[in-house]
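Undergrad: The structure follows.
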Amino acid sequence: MPRLLCSSSSPYSAKVRMAAAHLGYALDAVPVDTGAEPDDLIAANPLGKIPTLVTDAGEAVFDSRTIMRHIDRESGRSLYPRNARRAAEAEQLEALADGLCDCLLAHVMERRGRPADQVSQAWLDKQWRKALRALDRLNAAPPRLSGRPTAGHFALRAAIGYCDLRFAGQWERGRAKLVGWRRRFDARHPELAALAPH
């Protein structure tokens, strides 16, 4: 069975795990501590980043979008629509959701990785502004939930899960449509809720 080197708090790992579970693509989720740079992770991915998928043949697949494409090919191509316009929409949504996570993670790591007197408030503010703009864009036009979920849907649900984990009570204000989207997604896919970042 393919192994997914991952973390329960990682939104990128969550996206992949949700998509795999929904498609019935069996994988073994193996928690790793990237800070410890474990040998199995470094051997598979010299960048030492998660998620990293190790196939049954021992081949490594990384990063999360590449893993999503791999799972899509292996499971019958349903994460990215065949229609060019709809495929572009799914890809754009995935990119926006992943970019939101990039900003939020940069914010978290700045606070965690530096002594308090060296934390750059200007950097924190810049990352937060980017995140809020992305959230506002998503709130203005949440993706439709009719039909099959795409890679973009899973990426967005994982991103919202990360917002819930690290920024609960801050991101939701004024974004009722996005909060409602999360509720509707979870109602349609209750089996995936436990795979959100936690």
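Residues are named by chain letter and number: chains run A, B, ... in the order of the structure tokens, numbers start at 1 in each chain, and ligands are numbered from 1 in the order shown.
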Give me every alpha helix (DSSP H) residue in stretch 26-150 of chain A, going by DSSP on the backbone, as a PyMOL selection string.
TA: chain A and resi 39-44+64-74+84-113+121-140
Undergrad: If we count only C-alpha atoms, what is near A:Ser120 at a cut-off of 12 Å, once residues fewer than 4 positions away on the same chain are taken out, given as a count of residues only?
TA: 15
Undergrad: Just checking: using only C-alpha atoms, which residue out of A:Gly147, A:Gly35, A:Gly180, A:Gly152 ends up closest to A:Arg69?
TA: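 Nearest candidate to A:Arg69 out of A:Gly147, A:Gly35, A:Gly180, A:Gly152: A:Gly152.
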Undergrad: Given only C-alpha atoms as the basis, pick out the residue of A:Leu47, A:Val30, A:Leu156, A:Ile67 nearest to A:Ala95.
TA: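 Of A:Leu47, A:Val30, A:Leu156, A:Ile67, the one nearest A:Ala95 is A:Leu156, counting only C-alpha atoms.
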Undergrad: In terms of the shortest atom-to-atom distance over only C-alpha atoms, which of A:Ala84, A:Cys103, A:Met1, A:Leu135 is closest to A:Lys177?
TA: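 Selected residue with least distance to A:Lys177: A:Leu135.
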Undergrad: Between A:Gln92, A:Gln118, A:Asn45, A:Thr55, which one has atoms that come closest to A:Ala26, using only C-alpha atoms?
TA: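 So, comparing all the options, the nearest one is A:Thr55.
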Undergrad: Using only C-alpha atoms, which protein or nucleic acid residues come within 10 Å of A:Pro149? Drop anything in the same chain fewer than 4 positions from it, and give the result as an MDAnalysis selection string.
TA: chainID A and resid 19 22 78:81 90 143:145 153:154 185 189
Undergrad: Would you put the residues from that selection into a file with N, CA and C atoms, as a CSV table (one decimal), in the first residue's frame?
TA:
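Below you can see selection-v2.csv, which holds the result:
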```csv
chain,number,residue,atom,x,y,z
A,19,ALA,N,-9.0,13.6,-0.5
A,19,ALA,CA,-9.2,13.2,-1.9
A,19,ALA,C,-9.0,11.7,-2.0
A,22,HIS,N,-12.0,9.9,-0.4
A,22,HIS,CA,-13.2,10.0,-1.3
A,22,HIS,C,-13.2,9.1,-2.5
A,78,SER,N,-10.9,11.9,-11.8
A,78,SER,CA,-12.1,12.6,-11.5
A,78,SER,C,-11.8,13.8,-10.6
A,79,LEU,N,-10.6,14.1,-10.2
A,79,LEU,CA,-10.3,15.2,-9.4
A,79,LEU,C,-10.2,16.5,-10.2
A,80,TYR,N,-9.9,16.4,-11.4
A,80,TYR,CA,-9.8,17.5,-12.3
A,80,TYR,C,-10.7,17.3,-13.5
A,81,PRO,N,-11.7,18.1,-13.7
A,81,PRO,CA,-12.7,17.8,-14.8
A,81,PRO,C,-12.1,17.8,-16.1
A,90,ALA,N,-11.0,24.4,-11.2
A,90,ALA,CA,-10.6,23.5,-10.1
A,90,ALA,C,-9.1,23.8,-9.8
A,143,PRO,N,-17.2,28.1,-4.1
A,143,PRO,CA,-17.4,27.2,-5.2
A,143,PRO,C,-18.7,26.4,-5.0
A,144,ARG,N,-19.3,26.1,-6.1
A,144,ARG,CA,-20.6,25.2,-6.1
A,144,ARG,C,-20.2,23.8,-5.6
A,145,LEU,N,-21.2,23.2,-4.9
A,145,LEU,CA,-21.0,21.9,-4.4
A,145,LEU,C,-21.8,20.8,-5.2
A,153,HIS,N,-12.0,21.7,-4.3
A,153,HIS,CA,-12.9,21.5,-3.2
A,153,HIS,C,-12.2,21.0,-2.0
A,154,PHE,N,-11.4,19.9,-2.2
A,154,PHE,CA,-10.6,19.3,-1.1
A,154,PHE,C,-9.6,20.3,-0.6
A,185,PHE,N,-20.3,21.4,2.8
A,185,PHE,CA,-19.4,20.4,2.4
A,185,PHE,C,-19.4,19.2,3.4
A,189,HIS,N,-20.2,15.3,2.9
A,189,HIS,CA,-19.0,14.3,3.0
A,189,HIS,C,-18.7,14.2,4.5
```
Undergrad: Env of A:Ser9: 8 Å cut, atoms = only C-alpha atoms, seq-sep filter 6 positions within chain, self excluded. Answer as a PyMOL selection string.
TA: chain A and resi 162+165+196-198
